[in-house]
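Text of target.cif (mmCIF, C-alpha atoms) as supplied:
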```
data_input
#
loop_
_atom_site.label_atom_id
_atom_site.label_comp_id
_atom_site.auth_asym_id
_atom_site.auth_seq_id
_atom_site.Cartn_x
_atom_site.Cartn_y
_atom_site.Cartn_z
CA MET S 1 259.57 -48.81 132.05
CA SER S 2 260.80 -49.18 135.61
CA SER S 3 258.80 -52.41 135.90
CA ALA S 4 260.63 -53.80 132.87
CA ILE S 5 263.99 -53.00 134.42
CA ALA S 6 262.93 -54.53 137.73
CA ALA S 7 261.86 -57.79 136.09
CA PRO S 8 264.11 -60.85 136.63
CA LEU S 9 267.01 -61.13 134.21
CA PRO S 10 265.75 -64.32 132.47
CA LEU S 11 262.43 -62.62 131.79
CA ARG S 12 264.14 -59.55 130.36
CA LEU S 13 266.29 -61.74 128.12
CA SER S 14 263.29 -63.71 126.89
CA ARG S 15 261.52 -60.45 126.06
CA LEU S 16 264.58 -59.26 124.17
CA VAL S 17 264.61 -62.24 121.82
CA ARG S 18 260.82 -62.64 121.71
CA LEU S 19 261.05 -66.25 122.78
CA GLU S 20 257.40 -66.85 121.95
CA HIS S 21 258.19 -66.13 118.29
CA THR S 22 260.54 -69.10 118.25
CA VAL S 23 257.45 -71.31 118.45
CA PHE S 24 256.35 -69.71 115.18
CA ALA S 25 259.62 -70.73 113.49
CA LEU S 26 259.77 -74.33 114.77
CA PRO S 27 257.23 -75.77 112.28
CA PHE S 28 259.49 -74.75 109.41
CA ALA S 29 262.19 -77.10 110.69
CA TYR S 30 259.74 -79.84 111.65
CA VAL S 31 258.23 -79.88 108.17
CA GLY S 32 261.70 -80.25 106.66
CA ALA S 33 262.52 -83.26 108.83
CA LEU S 34 259.15 -84.95 108.31
CA LEU S 35 259.10 -84.49 104.55
CA ALA S 36 262.71 -85.60 104.19
CA LEU S 37 261.89 -89.01 105.65
CA GLN S 38 258.21 -88.97 104.73
CA GLY S 39 257.70 -90.23 108.25
CA TRP S 40 258.63 -89.70 111.88
CA PRO S 41 262.42 -89.26 112.36
CA GLY S 42 262.30 -90.28 116.01
CA LEU S 43 261.98 -88.39 119.27
CA GLY S 44 265.72 -87.87 119.67
CA PRO S 45 266.35 -86.17 116.31
CA MET S 46 263.25 -84.00 116.65
CA ALA S 47 264.30 -82.94 120.15
CA TRP S 48 267.79 -81.94 118.97
CA ILE S 49 266.35 -80.08 116.00
CA THR S 50 264.18 -78.17 118.47
CA VAL S 51 267.19 -77.32 120.63
CA ALA S 52 269.17 -76.22 117.57
CA MET S 53 266.32 -73.98 116.43
CA VAL S 54 265.94 -72.33 119.84
CA GLY S 55 269.67 -71.71 120.04
CA ALA S 56 269.93 -70.42 116.48
CA ARG S 57 267.00 -68.06 116.68
CA THR S 58 268.06 -66.72 120.08
CA LEU S 59 271.49 -66.01 118.60
CA ALA S 60 269.93 -64.29 115.58
CA MET S 61 267.68 -62.07 117.68
CA GLY S 62 270.46 -61.22 120.13
CA LEU S 63 272.82 -60.18 117.35
CA ASN S 64 270.11 -58.11 115.71
CA ARG S 65 269.36 -56.25 118.93
CA LEU S 66 273.05 -55.61 119.58
CA VAL S 67 273.78 -54.22 116.12
CA ASP S 68 270.57 -52.17 115.93
CA ALA S 69 270.68 -50.74 119.47
CA GLU S 70 271.49 -47.19 118.35
CA ILE S 71 268.97 -47.23 115.49
CA ASP S 72 266.30 -48.61 117.84
CA ALA S 73 266.99 -45.80 120.30
CA ARG S 74 266.20 -43.17 117.63
CA ASN S 75 263.03 -44.88 116.44
CA PRO S 76 259.93 -44.09 118.56
CA ARG S 77 258.47 -47.54 117.81
CA THR S 78 261.53 -49.41 119.09
CA ALA S 79 262.93 -47.03 121.71
CA GLY S 80 261.27 -49.06 124.46
CA ARG S 81 263.20 -52.23 123.67
CA GLU S 82 265.41 -53.63 126.40
CA LEU S 83 268.77 -52.31 125.20
CA PRO S 84 267.75 -48.73 124.33
CA ALA S 85 265.65 -48.53 127.51
CA GLY S 86 268.53 -49.70 129.70
CA ALA S 87 266.77 -52.85 130.91
CA LEU S 88 269.75 -54.87 129.67
CA THR S 89 273.40 -54.09 129.07
CA ARG S 90 275.34 -54.91 125.94
CA ALA S 91 277.49 -57.33 127.94
CA GLN S 92 274.40 -59.24 129.08
CA VAL S 93 273.09 -59.54 125.54
CA ALA S 94 276.52 -60.60 124.26
CA GLY S 95 276.61 -63.27 126.96
CA LEU S 96 273.20 -64.51 125.84
CA CYS S 97 274.47 -64.72 122.26
CA ALA S 98 277.48 -66.76 123.37
CA LEU S 99 275.26 -69.13 125.34
CA ALA S 100 272.85 -69.48 122.41
CA LEU S 101 275.72 -70.31 120.06
CA ALA S 102 276.98 -72.97 122.47
CA VAL S 103 273.51 -74.54 122.71
CA TYR S 104 273.21 -74.49 118.93
CA LEU S 105 276.56 -76.22 118.47
CA VAL S 106 275.80 -78.90 121.07
CA ALA S 107 272.58 -79.73 119.19
CA VAL S 108 274.34 -79.72 115.82
CA TRP S 109 276.84 -82.31 117.02
CA GLN S 110 274.00 -84.72 117.85
CA LEU S 111 272.69 -84.79 114.29
CA ASP S 112 274.08 -85.97 110.96
CA PRO S 113 277.87 -85.43 110.73
CA ILE S 114 277.54 -83.27 107.62
CA VAL S 115 275.88 -80.47 109.58
CA ARG S 116 279.05 -80.14 111.64
CA TRP S 117 280.54 -78.57 108.53
CA LEU S 118 277.47 -76.54 107.56
CA TRP S 119 276.66 -74.83 110.87
CA PRO S 120 278.57 -71.58 110.09
CA ILE S 121 276.26 -70.82 107.15
CA PRO S 122 273.18 -69.80 109.19
CA VAL S 123 275.38 -68.02 111.71
CA GLY S 124 276.81 -65.95 108.85
CA PHE S 125 273.28 -65.10 107.71
CA PHE S 126 272.34 -64.00 111.23
CA ALA S 127 275.41 -61.80 111.61
CA ALA S 128 274.97 -60.09 108.24
CA TYR S 129 271.24 -59.38 108.37
CA PRO S 130 271.23 -56.36 110.75
CA TYR S 131 273.62 -54.48 108.47
CA LEU S 132 271.70 -54.99 105.24
CA LYS S 133 269.04 -52.35 105.91
CA ARG S 134 271.88 -49.84 105.78
CA VAL S 135 272.75 -50.76 102.17
CA THR S 136 269.87 -52.49 100.34
CA TRP S 137 266.10 -52.79 100.21
CA LEU S 138 266.54 -56.54 99.58
CA CYS S 139 267.09 -57.09 103.32
CA HIS S 140 263.64 -58.70 103.58
CA LEU S 141 264.68 -61.54 101.30
CA TRP S 142 267.81 -62.08 103.40
CA LEU S 143 265.63 -62.40 106.50
CA GLY S 144 263.42 -64.86 104.63
CA ALA S 145 266.45 -66.86 103.54
CA SER S 146 267.67 -67.02 107.15
CA LEU S 147 264.43 -68.70 108.18
CA GLY S 148 264.33 -70.66 104.93
CA LEU S 149 267.46 -72.44 106.12
CA ALA S 150 265.40 -74.05 108.91
CA PRO S 151 263.70 -76.73 106.77
CA VAL S 152 266.84 -77.19 104.69
CA GLY S 153 268.93 -77.69 107.81
CA ALA S 154 266.44 -80.10 109.35
CA TRP S 155 266.30 -82.06 106.09
CA VAL S 156 270.05 -82.58 105.93
CA ALA S 157 270.20 -83.19 109.69
CA VAL S 158 268.11 -86.35 109.40
CA THR S 159 269.21 -87.62 105.97
CA GLY S 160 272.68 -86.24 105.28
CA GLU S 161 271.38 -85.22 101.84
CA LEU S 162 270.30 -81.97 100.17
CA PRO S 163 268.13 -82.78 97.13
CA TRP S 164 266.41 -80.03 95.18
CA GLN S 165 263.18 -80.69 97.07
CA ALA S 166 264.86 -79.45 100.26
CA TRP S 167 265.96 -76.23 98.56
CA ALA S 168 262.50 -75.69 97.06
CA LEU S 169 260.98 -76.05 100.52
CA GLY S 170 263.50 -73.57 101.90
CA GLY S 171 262.67 -71.18 99.06
CA ALA S 172 258.98 -71.41 99.89
CA VAL S 173 259.66 -70.48 103.52
CA CYS S 174 261.97 -67.67 102.37
CA LEU S 175 259.28 -66.06 100.22
CA TRP S 176 256.59 -66.61 102.86
CA VAL S 177 258.57 -64.83 105.57
CA ALA S 178 259.88 -62.08 103.28
CA GLY S 179 256.39 -61.32 102.04
CA PHE S 180 255.14 -60.71 105.55
CA ASP S 181 258.24 -58.72 106.48
CA LEU S 182 257.39 -56.22 103.75
CA PHE S 183 254.34 -55.20 105.76
CA TYR S 184 256.41 -54.67 108.91
CA ALA S 185 258.53 -52.20 106.95
CA LEU S 186 255.48 -49.98 106.51
CA PHE S 187 255.49 -49.17 110.25
CA ASP S 188 258.97 -47.64 109.99
CA ARG S 189 258.76 -46.10 106.53
CA GLU S 190 258.90 -42.46 107.62
CA HIS S 191 261.67 -43.09 110.15
CA ASP S 192 263.71 -45.11 107.65
CA LEU S 193 263.40 -42.41 105.00
CA ALA S 194 264.62 -39.78 107.47
CA ALA S 195 267.45 -41.99 108.75
CA GLY S 196 268.62 -43.08 105.29
CA LEU S 197 267.77 -46.74 105.89
CA HIS S 198 266.63 -49.04 103.11
CA SER S 199 263.53 -51.21 102.85
CA TRP S 200 261.01 -52.35 100.28
CA ALA S 201 258.63 -49.72 101.64
CA THR S 202 261.09 -46.85 101.21
CA ARG S 203 261.93 -48.02 97.68
CA PHE S 204 258.51 -48.87 96.26
CA GLY S 205 255.99 -47.30 98.62
CA VAL S 206 252.76 -48.75 99.98
CA ARG S 207 251.50 -50.07 96.63
CA GLY S 208 254.83 -51.70 95.98
CA VAL S 209 254.72 -53.46 99.35
CA PHE S 210 251.35 -55.04 98.63
CA ALA S 211 252.37 -56.02 95.09
CA GLY S 212 255.63 -57.49 96.30
CA ALA S 213 253.95 -59.47 99.08
CA ARG S 214 251.41 -60.91 96.63
CA ALA S 215 254.15 -61.98 94.25
CA MET S 216 256.24 -63.58 97.00
CA HIS S 217 253.33 -65.49 98.45
CA ALA S 218 252.33 -66.68 94.99
CA GLY S 219 255.89 -67.94 94.65
CA THR S 220 255.47 -69.74 97.98
CA VAL S 221 252.44 -71.63 96.68
CA LEU S 222 254.27 -72.53 93.46
CA LEU S 223 257.33 -73.85 95.29
CA LEU S 224 255.24 -75.86 97.74
CA GLY S 225 253.49 -77.45 94.78
CA LEU S 226 256.86 -78.37 93.27
CA VAL S 227 257.94 -79.89 96.59
CA GLY S 228 254.81 -82.02 96.67
CA LEU S 229 255.41 -83.25 93.13
CA GLY S 230 259.07 -83.91 93.84
CA LEU S 231 258.57 -85.98 96.96
CA GLY S 232 257.55 -88.94 94.85
CA GLY S 233 260.91 -88.85 93.11
CA LEU S 234 263.00 -89.27 96.25
CA GLN S 235 264.98 -92.49 96.09
CA HIS S 236 264.42 -95.13 98.75
CA ALA S 237 262.13 -92.80 100.70
CA PRO S 238 260.42 -95.61 102.69
CA ASP S 239 263.82 -97.06 103.61
CA ARG S 240 264.88 -93.86 105.38
CA GLN S 241 262.36 -94.31 108.16
CA GLN S 242 264.77 -95.50 110.83
CA PRO S 243 266.50 -93.91 113.81
CA VAL S 244 268.86 -91.09 112.88
CA GLU S 245 271.51 -92.78 115.04
CA LEU S 246 271.88 -95.33 112.23
CA ARG S 247 272.76 -92.63 109.72
CA ARG S 248 274.84 -90.67 112.23
CA ARG S 249 276.97 -93.60 113.36
CA GLY S 250 276.94 -95.91 110.35
CA LEU S 251 276.68 -99.45 111.67
CA HIS S 252 278.54 -98.50 114.86
CA GLU S 253 281.34 -100.75 116.04
CA LEU S 254 282.33 -103.75 113.99
CA ALA S 255 284.66 -105.92 116.04
CA GLY S 256 285.57 -102.94 118.23
CA PRO S 257 288.32 -102.42 120.81
CA ARG S 258 286.98 -105.05 123.17
CA HIS S 259 287.74 -107.65 120.50
CA GLY S 260 291.20 -106.53 119.43
CA GLY S 261 290.19 -103.85 116.97
CA SER S 262 290.59 -100.09 117.00
CA HIS S 263 287.45 -98.01 116.59
CA LEU S 264 288.52 -94.94 114.66
CA GLY S 265 285.34 -92.89 114.76
CA LYS S 266 281.56 -92.95 114.88
CA GLY S 267 281.02 -92.70 111.15
CA GLY S 268 283.50 -94.91 109.76
CA PHE S 269 286.62 -96.98 109.96
CA VAL S 270 287.20 -100.06 112.08
CA GLU S 271 290.39 -102.05 111.77
CA PRO S 272 290.07 -105.28 113.76
CA ASP S 273 293.10 -107.49 114.12
CA LEU S 274 291.79 -111.03 113.78
CA GLY S 275 294.34 -113.81 113.40
CA GLY S 276 296.97 -111.34 112.21
CA ALA S 277 294.82 -110.14 109.29
CA GLN S 278 294.03 -106.41 109.11
CA ILE S 279 290.56 -105.97 107.67
CA ALA S 280 289.50 -102.38 107.07
CA LEU S 281 285.78 -101.82 106.70
CA HIS S 282 284.49 -98.46 105.55
CA VAL S 283 280.82 -98.32 106.44
CA GLN S 284 279.21 -95.56 104.46
CA ARG S 285 276.23 -93.70 105.87
CA ASP S 286 274.15 -94.26 102.74
CA LEU S 287 274.59 -98.01 103.11
CA ALA S 288 272.52 -97.75 106.27
CA VAL S 289 270.10 -95.35 104.59
CA ALA S 290 269.60 -97.78 101.73
CA ALA S 291 268.70 -100.51 104.19
CA GLY S 292 265.29 -100.75 105.80
CA GLU S 293 265.01 -101.17 109.55
CA SER S 294 264.05 -104.81 109.11
CA ARG S 295 267.27 -105.46 107.17
CA LEU S 296 269.67 -103.83 109.61
CA ALA S 297 270.80 -107.01 111.31
CA GLY S 298 271.20 -108.79 108.00
CA ILE S 299 273.42 -106.10 106.52
CA ALA S 300 275.53 -105.93 109.66
CA HIS S 301 275.91 -109.71 109.55
CA ALA S 302 276.93 -109.54 105.90
CA LEU S 303 279.80 -107.21 106.72
CA LEU S 304 280.77 -109.38 109.64
CA GLN S 305 281.03 -112.42 107.41
CA THR S 306 284.34 -111.01 106.19
CA LEU S 307 285.65 -110.84 109.73
CA ILE S 308 284.35 -114.25 110.65
CA ALA S 309 285.51 -115.93 107.44
CA HIS S 310 289.06 -114.59 107.59
CA GLY S 311 289.49 -114.33 111.34
CA GLN S 312 287.65 -117.44 112.47
CA ALA S 313 286.69 -115.50 115.60
CA GLN S 314 283.59 -114.28 117.35
CA ALA S 315 282.51 -110.75 116.42
CA TYR S 316 279.90 -108.34 117.72
CA VAL S 317 277.78 -105.60 116.21
CA GLU S 318 275.84 -102.91 118.04
CA PRO S 319 272.35 -102.15 116.71
CA ALA S 320 271.87 -98.65 115.33
CA SER S 321 269.12 -97.72 117.75
CA VAL S 322 269.20 -97.76 121.52
CA HIS S 323 266.74 -100.59 121.72
CA GLY S 324 269.06 -103.41 122.66
CA PRO S 325 272.51 -104.70 123.61
CA TYR S 326 275.29 -106.04 121.41
CA PHE S 327 274.35 -109.03 119.27
CA PRO S 328 276.78 -111.99 119.40
CA VAL S 329 277.61 -113.49 116.02
CA PRO S 330 279.55 -116.74 116.63
CA ALA S 331 281.37 -118.46 113.80
CA ASP S 332 278.59 -121.02 113.57
CA GLY S 333 277.64 -122.50 110.24
CA ALA S 334 273.88 -122.58 110.81
CA LEU S 335 273.71 -119.00 112.10
CA ARG S 336 275.92 -117.78 109.30
CA ALA S 337 273.62 -119.41 106.77
CA VAL S 338 270.61 -117.62 108.21
CA ALA S 339 272.50 -114.32 108.29
CA ALA S 340 273.72 -114.79 104.74
CA ARG S 341 270.22 -115.50 103.48
CA GLU S 342 268.89 -112.31 105.13
CA ALA S 343 271.87 -110.14 104.22
CA GLY S 344 272.13 -111.45 100.69
CA HIS S 345 268.68 -110.20 99.81
CA ALA S 346 269.28 -106.82 101.41
CA LEU S 347 272.66 -106.26 99.79
CA GLN S 348 271.64 -107.62 96.40
CA HIS S 349 268.38 -105.74 96.04
CA ARG S 350 268.70 -102.63 98.21
CA VAL S 351 272.31 -101.49 97.88
CA PRO S 352 273.42 -100.23 94.45
CA PRO S 353 276.12 -102.37 92.79
CA SER S 354 278.44 -99.36 92.62
CA HIS S 355 278.16 -98.67 96.35
CA PRO S 356 281.59 -97.63 97.76
CA CYS S 357 281.62 -100.17 100.56
CA ARG S 358 284.80 -102.19 100.41
CA SER S 359 286.52 -104.70 102.65
CA THR S 360 290.25 -105.20 102.39
CA SER S 361 292.75 -107.12 104.42
CA ARG S 362 296.48 -107.10 104.78
CA ALA S 363 298.39 -110.06 106.14
CA ALA S 364 302.08 -110.60 105.57
CA GLY S 365 301.98 -108.09 102.73
CA LYS S 366 299.21 -109.91 100.85
CA GLY S 367 295.70 -108.62 100.21
CA VAL S 368 292.82 -110.78 101.31
CA HIS S 369 289.44 -110.00 99.79
CA PRO S 370 285.99 -111.32 100.59
CA SER S 371 284.16 -113.38 98.04
CA PRO S 372 281.76 -111.58 95.68
CA ARG S 373 278.26 -110.91 96.96
CA ARG S 374 275.60 -113.36 95.95
CA ASP S 375 271.99 -113.78 96.85
CA PRO S 376 271.90 -117.11 98.68
CA VAL S 377 268.16 -117.32 98.16
CA GLY S 378 268.61 -117.56 94.44
CA SER S 379 271.59 -119.89 94.57
#
```
As structure tokens, how would this structure be written, given the file I've shared?
Amino acid sequence: MSSAIAAPLPLRLSRLVRLEHTVFALPFAYVGALLALQGWPGLGPMAWITVAMVGARTLAMGLNRLVDAEIDARNPRTAGRELPAGALTRAQVAGLCALALAVYLVAVWQLDPIVRWLWPIPVGFFAAYPYLKRVTWLCHLWLGASLGLAPVGAWVAVTGELPWQAWALGGAVCLWVAGFDLFYALFDREHDLAAGLHSWATRFGVRGVFAGARAMHAGTVLLLGLVGLGLGGLQHAPDRQQPVELRRRGLHELAGPRHGGSHLGKGGFVEPDLGGAQIALHVQRDLAVAAGESRLAGIAHALLQTLIAHGQAQAYVEPASVHGPYFPVPADGALRAVAAREAGHALQHRVPPSHPCRSTSRAAGKGVHPSPRRDPVGS
């Protein structure tokens, strides 16, 4: 035990949270991201998902060790853990939790904007789990649900959507993890009975643990089968295979500050002032999702036609990936014809007619509206 206390602080902290077990949890998130797009989301999104997972699981383990420190000290199997053994102080573990939460939040802010609203959900699961063994034998399912959020979170992080397939995948992971956790409860059955703690093992015994694990893992297989069948029903699945920056930032700046406009946020509103006309463009994230990578420039040009037509000025659009600089779009008839031909097909055939993308303009109290969309190829 003295060797454990003498170990460097980073090593003691990594032992506390069982950092190697984080590697076991990462595939759950990766599968969610890969199945959501049915392809590779890109190195950037996968890297930030990895960072978010490491931060989240470190936070979960740290909170669990803090809350269970006294129980662990009375259990012969866990008395040698870092907190009961004195290898770490509560303040050190609390500091690790704060750092892990900060890392998790930094990663969350690099992914789809919707997860900036959803991040407290897993944190709430992590904080509640250590207390459940004190009140219910269903704590194993709560642990499974905490890890089941990994594929669900990765799915929404790269698509901004939560279809039933994502929840079915999360349910499969939940039952898979919970089924194995039932067996871990067998190691502490006698201690838990004496201490008044709850688990599947204390409630149903050894036979009940094996029966419950079989049922949960059968449920895992069933849910995975449903996910496989449901993947074919995802709308526009091939069109989602594009950099997550496109979905995270919409179509970026349209006639931004350098050209007299005011960029009011990464996801959304740009109000350029061209020739005294205020044209507000609301670029929805799903507009970009509905467009394939090959159609990106065409769709951006189509939106810019409004600016060019009413402002008679040069406008710029930044590509959604980091692969290139701004593209100039001069008010040139030939170029506009090419852009219209490309954008017309994309907007006519890939974007639903009811799509909430609107362009409006205000000049001298009068509304100015772009002409209806047409497919120039068919005209």
Counting all atoms listed in the file, which residues of stretch 45-86 of chain S fall within 9 Å of stretch 145-154 of chain S, and what is the closest atom pair for each with its distance in Å at one decimal, ordered by chain and rising number, as CSV?
```
residue,atom,partner,partner_atom,distance
S:Met46,CA,S:Ala154,CA,8.9
S:Ile49,CA,S:Ala154,CA,6.7
S:Met53,CA,S:Ala150,CA,7.6
S:Arg57,CA,S:Leu147,CA,8.9
```
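Near stretch 131-140 of chain S, within 8 Å and counting all atoms listed in the file, sit Val67, Ala178, Gly179, Asp181, Leu182, Gly196, Leu197, His198, Ser199, Trp200, Thr202 and Arg203 of chain S, not including residues fewer than 5 positions from it in the same chain.
The two atoms in question, atom CA of S:Phe180 and atom CA of S:Leu162, are spaced 26.7 Å apart.
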*One decimal, Å: what's the distance from atom CA of S:Met216 over to atom CA of S:Tyr184, could you say?*
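If I compute the distance from atom CA of S:Met216 to atom CA of S:Tyr184, I get 14.9 Å.
Near S:Thr220, within 6 Å and counting only C-alpha atoms, sit S:Ala172, S:Leu175, S:Trp176, not including residues fewer than 5 positions from it in the same chain.
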*Atomic distance atom CA of S:His217 - atom CA of S:Leu169, expressed in Å with one decimal*: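 Distance between the two atoms: 13.2 Å.
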*Best match for closeness to S:Pro41 among S:Val108, S:Asp188, S:Val158, S:Gly233, counting all atoms listed in the file*: S:Val158
*Evaluate the PyMOL selection byres ((chain S and resi 102) around 12) and record the selected residues as a ChimeraX atom specification, following the chain and residue labels used in the document.*
/S:51-52,54-56,58-59,95-101,103-109,119,123
*May I ask which of the residues S:Pro8, S:Gly171, S:Pro76, S:Pro130 is the closest one to S:His191, counting only C-alpha atoms?*
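Counting only C-alpha atoms, the residue closest to S:His191 is S:Pro76.
Each of S:Leu66, S:Leu229, S:Val177, S:Leu118 was checked against S:Ala213 using all atoms listed in the file; the smallest atom-to-atom distance is that of S:Val177.
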*Compare S:Leu186, S:Glu70, S:Leu143, S:Ala60 by their minimum atom-to-atom distance to S:Phe126, counting all atoms listed in the file, and give me the closest one.*
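So, comparing all the options, the nearest one is S:Ala60.
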*asked:* With the PyMOL selection byres ((chain S and resi 15-26) around 7) as the selection, what would be picked from this file? Answer as a list in words, please.
replied: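 So the PyMOL selection byres ((chain S and resi 15-26) around 7), applied here, picks out Leu11, Arg12, Leu13, Ser14, Pro27, Phe28, Ala29, Tyr30, Thr50, Met53, Val54, Arg57, Thr58, Met61, Gly62 and Glu82 of chain S.
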_Residue nearest S:Gly170 among S:Leu226, S:Val115, S:Ala47, S:Ile71 (counting only C-alpha atoms)_ = S:Leu226
*Select, from S:Glu161, S:Gly86, S:Trp167, S:Asn75, the residue with the minimum atom-to-atom distance to S:Glu190, counting only C-alpha atoms.*
S:Asn75
*Could you pull out every residue with an atom within 8 Å of (267.6, -86.7, 114.2), file coordinates, counting all atoms listed in the file, and send them as a PyMOL selection string?*
chain S and resi 41-49+110-112+157-158+243-245
*asked:* If we draw a sphere of 9 Å around (272.5, -54.7, 123.4), which residues have at least one atom in it when counting only C-alpha atoms? Please report them as number ranges by chain.
replied: S: 62-69, 82-84, 86, 88-94
